[in-house]
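Participant: input.cif is reproduced below (mmCIF, C-alpha atoms).
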data_query
#
loop_
_atom_site.group_PDB
_atom_site.id
_atom_site.type_symbol
_atom_site.label_atom_id
_atom_site.label_comp_id
_atom_site.auth_asym_id
_atom_site.auth_seq_id
_atom_site.Cartn_x
_atom_site.Cartn_y
_atom_site.Cartn_z
ATOM 1 C CA ALA A 1 -13.042 -0.893 -0.883
ATOM 2 C CA VAL A 2 -9.998 -1.967 1.086
ATOM 3 C CA GLN A 3 -8.933 0.014 4.129
ATOM 4 C CA ILE A 4 -5.747 -1.472 5.536
ATOM 5 C CA PHE A 5 -2.817 0.330 7.101
ATOM 6 C CA VAL A 6 0.872 -0.622 7.064
ATOM 7 C CA GLY A 7 3.433 0.752 9.498
ATOM 8 C CA ASP A 8 6.758 0.270 11.228
ATOM 9 C CA TYR A 9 6.991 -2.321 13.964
ATOM 10 C CA GLY A 10 10.506 -2.213 15.306
ATOM 11 C CA ASP A 11 13.550 -2.341 13.077
ATOM 12 C CA ASN A 12 12.913 -5.492 11.026
ATOM 13 C CA ASP A 13 9.139 -5.826 11.021
ATOM 14 C CA LEU A 14 6.088 -4.150 9.585
ATOM 15 C CA VAL A 15 2.593 -4.221 11.001
ATOM 16 C CA VAL A 16 -0.557 -4.622 8.919
ATOM 17 C CA ILE A 17 -3.628 -3.147 10.593
ATOM 18 C CA ASP A 18 -7.068 -4.141 9.328
ATOM 19 C CA PRO A 19 -9.702 -2.277 11.375
ATOM 20 C CA GLU A 20 -12.538 -4.439 9.987
ATOM 21 C CA THR A 21 -11.288 -8.046 10.133
ATOM 22 C CA GLU A 22 -9.671 -10.157 12.851
ATOM 23 C CA PRO A 23 -6.868 -10.371 13.571
ATOM 24 C CA TYR A 24 -6.811 -6.580 13.459
ATOM 25 C CA PHE A 25 -3.066 -6.400 13.988
ATOM 26 C CA SER A 26 -0.587 -8.665 12.131
ATOM 27 C CA ARG A 27 3.199 -8.486 12.253
ATOM 28 C CA VAL A 28 5.292 -9.322 9.170
ATOM 29 C CA GLU A 29 8.929 -10.196 9.836
ATOM 30 C CA PHE A 30 11.769 -9.373 7.454
ATOM 31 C CA PRO A 31 15.296 -10.809 7.598
ATOM 32 C CA PHE A 32 16.890 -7.340 7.697
ATOM 33 C CA ARG A 33 15.894 -3.861 8.807
ATOM 34 C CA HIS A 34 13.652 -2.057 6.325
ATOM 35 C CA VAL A 35 14.996 1.076 4.667
ATOM 36 C CA ASP A 36 11.705 2.185 3.088
ATOM 37 C CA PHE A 37 8.298 0.830 2.143
ATOM 38 C CA VAL A 38 5.419 2.047 -0.018
ATOM 39 C CA LEU A 39 1.903 0.907 -0.869
ATOM 40 C CA ASP A 40 0.838 0.362 -4.480
ATOM 41 C CA PRO A 41 -2.085 2.725 -5.212
ATOM 42 C CA ALA A 42 -3.119 0.792 -8.350
ATOM 43 C CA LYS A 43 -2.864 -2.668 -6.767
ATOM 44 C CA PRO A 44 -3.773 -2.036 -3.124
ATOM 45 C CA GLN A 45 -3.039 -5.601 -2.021
ATOM 46 C CA TYR A 46 0.698 -4.962 -2.510
ATOM 47 C CA ALA A 47 3.336 -3.100 -0.572
ATOM 48 C CA TYR A 48 6.974 -2.892 -1.639
ATOM 49 C CA VAL A 49 9.672 -3.043 1.018
ATOM 50 C CA LEU A 50 13.386 -2.347 0.587
ATOM 51 C CA THR A 51 15.563 -3.956 3.250
ATOM 52 C CA GLU A 52 19.061 -2.832 4.173
ATOM 53 C CA ASP A 53 20.675 -5.753 2.334
ATOM 54 C CA GLY A 54 19.444 -4.096 -0.917
ATOM 55 C CA THR A 55 16.560 -6.512 -1.525
ATOM 56 C CA LEU A 56 13.194 -5.277 -2.784
ATOM 57 C CA HIS A 57 10.269 -7.375 -1.498
ATOM 58 C CA ARG A 58 6.666 -7.467 -2.726
ATOM 59 C CA LEU A 59 4.372 -8.044 0.242
ATOM 60 C CA ASN A 60 0.772 -9.104 -0.237
ATOM 61 C CA ILE A 61 -0.854 -7.258 2.652
ATOM 62 C CA LEU A 62 -4.025 -9.374 2.404
ATOM 63 C CA SER A 63 -2.290 -12.759 2.765
ATOM 64 C CA LEU A 64 0.783 -11.368 4.624
ATOM 65 C CA GLU A 65 3.076 -13.278 2.249
ATOM 66 C CA ARG A 66 6.203 -11.952 0.582
ATOM 67 C CA SER A 67 5.276 -13.030 -2.928
ATOM 68 C CA SER A 68 8.594 -12.145 -4.567
ATOM 69 C CA ARG A 69 11.904 -10.406 -4.029
ATOM 70 C CA ALA A 70 14.865 -9.205 -6.050
ATOM 71 C CA SER A 71 18.188 -7.510 -5.481
ATOM 72 C CA ALA A 72 17.717 -3.796 -6.202
ATOM 73 C CA THR A 73 20.709 -1.914 -4.748
ATOM 74 C CA ALA A 74 23.927 -2.459 -2.867
ATOM 75 C CA PRO A 75 23.403 -2.716 0.900
ATOM 76 C CA TYR A 76 22.451 0.442 2.832
ATOM 77 C CA SER A 77 22.977 0.402 6.576
ATOM 78 C CA MET A 78 20.318 1.862 8.848
ATOM 79 C CA ASP A 79 23.062 2.764 11.339
ATOM 80 C CA GLY A 80 23.989 6.409 11.562
ATOM 81 C CA HIS A 81 21.865 9.554 11.533
ATOM 82 C CA TRP A 82 18.213 9.316 10.447
ATOM 83 C CA ARG A 83 18.889 12.007 7.793
ATOM 84 C CA ASP A 84 21.687 10.056 6.081
ATOM 85 C CA PRO A 85 20.852 9.517 2.390
ATOM 86 C CA ARG A 86 19.137 6.185 1.862
ATOM 87 C CA PRO A 87 16.920 4.840 -0.923
ATOM 88 C CA ARG A 88 13.276 5.873 -1.136
ATOM 89 C CA LEU A 89 10.429 4.258 -3.081
ATOM 90 C CA ALA A 90 7.442 5.523 -5.075
ATOM 91 C CA VAL A 91 4.954 3.670 -7.290
ATOM 92 C CA ALA A 92 3.299 4.942 -10.470
ATOM 93 C CA GLY A 93 1.293 2.587 -12.655
ATOM 94 C CA ASP A 94 3.259 -0.602 -13.193
ATOM 95 C CA GLU A 95 6.604 0.904 -12.214
ATOM 96 C CA ILE A 96 8.431 1.365 -8.949
ATOM 97 C CA VAL A 97 10.909 4.218 -8.750
ATOM 98 C CA LEU A 98 13.793 3.718 -6.357
ATOM 99 C CA THR A 99 16.387 6.352 -5.510
ATOM 100 C CA ASP A 100 19.913 5.021 -5.095
ATOM 101 C CA PRO A 101 21.896 7.846 -3.450
ATOM 102 C CA ASN A 102 25.265 6.083 -3.294
ATOM 103 C CA ASP A 103 25.248 5.390 -7.044
ATOM 104 C CA GLY A 104 23.638 8.716 -8.071
ATOM 105 C CA LEU A 105 20.803 6.847 -9.816
ATOM 106 C CA VAL A 106 17.051 6.655 -9.941
ATOM 107 C CA ARG A 107 16.128 3.078 -10.759
ATOM 108 C CA VAL A 108 12.873 2.214 -12.552
ATOM 109 C CA ILE A 109 11.651 -1.280 -11.636
ATOM 110 C CA ASP A 110 8.806 -3.364 -13.038
ATOM 111 C CA SER A 111 6.273 -3.899 -10.227
ATOM 112 C CA GLU A 112 5.357 -7.401 -11.437
ATOM 113 C CA SER A 113 8.772 -8.992 -12.035
ATOM 114 C CA LEU A 114 10.789 -6.633 -9.779
ATOM 115 C CA GLU A 115 13.359 -6.437 -12.587
ATOM 116 C CA GLU A 116 15.098 -3.137 -13.283
ATOM 117 C CA LEU A 117 13.759 -1.644 -16.521
ATOM 118 C CA ARG A 118 16.183 1.260 -16.723
ATOM 119 C CA SER A 119 18.194 3.623 -14.580
ATOM 120 C CA ILE A 120 18.420 7.388 -14.735
ATOM 121 C CA GLU A 121 21.745 8.928 -13.854
ATOM 122 C CA VAL A 122 21.399 12.138 -11.864
ATOM 123 C CA GLU A 123 23.914 14.597 -10.504
ATOM 124 C CA GLY A 124 24.213 14.668 -6.767
ATOM 125 C CA THR A 125 22.525 12.396 -4.288
ATOM 126 C CA PRO A 126 18.908 11.521 -5.105
ATOM 127 C CA TYR A 127 16.914 11.081 -1.948
ATOM 128 C CA ASN A 128 13.164 11.577 -1.702
ATOM 129 C CA VAL A 129 10.880 10.745 -4.594
ATOM 130 C CA LEU A 130 7.166 11.337 -5.145
ATOM 131 C CA ALA A 131 4.857 10.053 -7.870
ATOM 132 C CA VAL A 132 2.283 12.574 -9.101
ATOM 133 C CA GLY A 133 -0.149 12.036 -11.937
ATOM 134 C CA GLY A 134 -3.533 12.635 -13.429
ATOM 135 C CA SER A 135 -5.544 11.905 -16.518
ATOM 136 C CA GLY A 136 -8.608 12.928 -18.452
ATOM 137 C CA LEU A 137 -10.462 16.171 -18.866
ATOM 138 C CA VAL A 138 -13.135 15.488 -16.252
ATOM 139 C CA HIS A 139 -12.170 15.187 -12.608
#
Represent the structure of the file as structure tokens.

Facilitator:
Amino acid sequence: AVQIFVGDYGDNDLVVIDPETEPYFSRVEFPFRHVDFVLDPAKPQYAYVLTEDGTLHRLNILSLERSSRASATAPYSMDGHWRDPRPRLAVAGDEIVLTDPNDGLVRVIDSESLEELRSIEVEGTPYNVLAVGGSGLVH
């Protein structure tokens, strides 16, 4: 089992904390401030990070390498109030769901290629998103 934590470290960086293996604390730098990040529950070595330039990054939290990136939205500034609508991420299976409040869309992105598979137009300003699921008859 893997037990690693990922968190904010200033505006541009994330920190990967591994309580079992040295170095216990590793900083990962990004070229822009991060808007949101999420861990992949199916592939726990990956985190997905959206930076304010609109780029979606796949971060391997074991090697600390950004293995790929793709343009996902128009830029979103982190200036302003913390409650201003900004994109949020969720992962379910092989898909990443990304809210895009300025365009009124929910974007569905392939977690492997980081290519947009489809977009869902919604009324209003989509903000938070949560992936919920289950399977089988025995729990």

Participant: Might I get the box with edges along x, y and z of the file that holds all atoms of stretch 43-59 of chain A listed there, padded by 3 Å on every side, given as centre and edge lengths in Å to one decimal, as AutoDock Vina command-line options?

Facilitator:
--center_x 8.5 --center_y -5.0 --center_z -1.3 --size_x 30.4 --size_y 12.0 --size_z 16.9

Participant: Taking (-6.9, -10.1, 6.9) as a centre in this file's frame and 7 Å as the limit, can you find every polymer residue with an atom that close, using only C-alpha atoms, and give them as a CSV table (one decimal) with C-alpha atoms, keeping the file's coordinate frame?

Facilitator:
chain,number,residue,atom,x,y,z
A,18,ASP,CA,-7.1,-4.1,9.3
A,21,THR,CA,-11.3,-8.0,10.1
A,22,GLU,CA,-9.7,-10.2,12.9
A,23,PRO,CA,-6.9,-10.4,13.6
A,62,LEU,CA,-4.0,-9.4,2.4
A,63,SER,CA,-2.3,-12.8,2.8

Participant: If you count only C-alpha atoms, which residues fall within 8 Å of stretch 92-107 of chain A, apart from same-chain ones fewer than 4 positions away, as a PyMOL selection string?

Facilitator: chain A and resi 40-42+73+85-88+111-112+116-129+131-132

Participant: If we count all atoms listed in the file, what is near A:Leu64 at a cut-off of 9 Å, once residues fewer than 3 positions away on the same chain are taken out, given as a CSV table (one decimal) with C-alpha atoms, in the coordinates of the input?

Facilitator:
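Okay, around_11.csv is ready:
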chain,number,residue,atom,x,y,z
A,16,VAL,CA,-0.6,-4.6,8.9
A,26,SER,CA,-0.6,-8.7,12.1
A,27,ARG,CA,3.2,-8.5,12.3
A,28,VAL,CA,5.3,-9.3,9.2
A,59,LEU,CA,4.4,-8.0,0.2
A,60,ASN,CA,0.8,-9.1,-0.2
A,61,ILE,CA,-0.9,-7.3,2.7
A,67,SER,CA,5.3,-13.0,-2.9

Participant: What does the distance between atom CA of A:Pro75 and atom CA of A:Asp53 come to in Å, to one decimal place?

Facilitator: 4.3 Å

Participant: Expressed in Å to a single decimal, how great is the separation between atom CA of A:Lys43 and atom CA of A:Met78?

Facilitator: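 The value is 28.3 Å.
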
Participant: Would you list the contacts of A:Asn12 as JSON, numbers by chain, taking every protein, DNA or RNA residue within 12 Å and counting all atoms listed in the file, but skipping same-chain residues closer than 6 positions in sequence?

Facilitator: {"A": [27, 28, 29, 30, 31, 32, 33, 34, 35, 36, 37, 49, 50, 51, 52, 53, 78]}

Participant: Could you turn the residues from that selection into a file that holds C-alpha atoms, as a short mmCIF file (atom, residue, chain, number, x, y, z; two decimals), in the coordinates of the input?

Facilitator:
data_model
loop_
_atom_site.label_atom_id
_atom_site.label_comp_id
_atom_site.auth_asym_id
_atom_site.auth_seq_id
_atom_site.Cartn_x
_atom_site.Cartn_y
_atom_site.Cartn_z
CA ARG A 27 3.20 -8.49 12.25
CA VAL A 28 5.29 -9.32 9.17
CA GLU A 29 8.93 -10.20 9.84
CA PHE A 30 11.77 -9.37 7.45
CA PRO A 31 15.30 -10.81 7.60
CA PHE A 32 16.89 -7.34 7.70
CA ARG A 33 15.89 -3.86 8.81
CA HIS A 34 13.65 -2.06 6.32
CA VAL A 35 15.00 1.08 4.67
CA ASP A 36 11.70 2.18 3.09
CA PHE A 37 8.30 0.83 2.14
CA VAL A 49 9.67 -3.04 1.02
CA LEU A 50 13.39 -2.35 0.59
CA THR A 51 15.56 -3.96 3.25
CA GLU A 52 19.06 -2.83 4.17
CA ASP A 53 20.68 -5.75 2.33
CA MET A 78 20.32 1.86 8.85
#

Participant: What is the atom CA of A:Gly133 to atom CA of A:Val38 distance in Å?

Facilitator: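 Those two atoms sit 16.5 Å apart.
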
Participant: List every protein, DNA or RNA residue with an atom no more than 7 Å from (13.2, -6.5, -7.5) in the file's coordinates, counting only C-alpha atoms, and format the result as a ChimeraX atom specification.

Facilitator: /A:55-57,69-72,109,113-116

Participant: Kindly reconstruct stretch 12-24 of chain A with N, CA and C atoms and present the result as an mmCIF file, in the frame of the given file.

Facilitator:
data_model
loop_
_atom_site.group_PDB
_atom_site.id
_atom_site.type_symbol
_atom_site.label_atom_id
_atom_site.label_comp_id
_atom_site.auth_asym_id
_atom_site.auth_seq_id
_atom_site.Cartn_x
_atom_site.Cartn_y
_atom_site.Cartn_z
ATOM 1 N N ASN A 12 13.002 -4.512 12.111
ATOM 2 C CA ASN A 12 12.913 -5.492 11.026
ATOM 3 C C ASN A 12 11.495 -5.756 10.553
ATOM 4 N N ASP A 13 10.503 -5.381 11.304
ATOM 5 C CA ASP A 13 9.139 -5.826 11.021
ATOM 6 C C ASP A 13 8.224 -4.683 10.608
ATOM 7 N N LEU A 14 7.180 -5.058 9.902
ATOM 8 C CA LEU A 14 6.088 -4.150 9.585
ATOM 9 C C LEU A 14 4.834 -4.688 10.247
ATOM 10 N N VAL A 15 3.875 -3.807 10.454
ATOM 11 C CA VAL A 15 2.593 -4.221 11.001
ATOM 12 C C VAL A 15 1.519 -3.889 9.977
ATOM 13 N N VAL A 16 0.595 -4.824 9.790
ATOM 14 C CA VAL A 16 -0.557 -4.622 8.919
ATOM 15 C C VAL A 16 -1.769 -4.515 9.838
ATOM 16 N N ILE A 17 -2.472 -3.398 9.746
ATOM 17 C CA ILE A 17 -3.628 -3.147 10.593
ATOM 18 C C ILE A 17 -4.874 -3.139 9.719
ATOM 19 N N ASP A 18 -5.786 -4.054 10.021
ATOM 20 C CA ASP A 18 -7.068 -4.141 9.328
ATOM 21 C C ASP A 18 -8.156 -3.838 10.357
ATOM 22 N N PRO A 19 -8.731 -2.643 10.332
ATOM 23 C CA PRO A 19 -9.702 -2.277 11.375
ATOM 24 C C PRO A 19 -11.037 -3.009 11.276
ATOM 25 N N GLU A 20 -11.257 -3.768 10.195
ATOM 26 C CA GLU A 20 -12.538 -4.439 9.987
ATOM 27 C C GLU A 20 -12.513 -5.944 10.282
ATOM 28 N N THR A 21 -11.349 -6.585 10.100
ATOM 29 C CA THR A 21 -11.288 -8.046 10.133
ATOM 30 C C THR A 21 -10.258 -8.528 11.152
ATOM 31 N N GLU A 22 -10.627 -9.552 11.918
ATOM 32 C CA GLU A 22 -9.671 -10.157 12.851
ATOM 33 C C GLU A 22 -8.689 -11.028 12.094
ATOM 34 N N PRO A 23 -7.437 -11.161 12.494
ATOM 35 C CA PRO A 23 -6.868 -10.371 13.571
ATOM 36 C C PRO A 23 -6.613 -8.944 13.079
ATOM 37 N N TYR A 24 -6.894 -7.979 13.878
ATOM 38 C CA TYR A 24 -6.811 -6.580 13.459
ATOM 39 C C TYR A 24 -5.370 -6.115 13.283
#
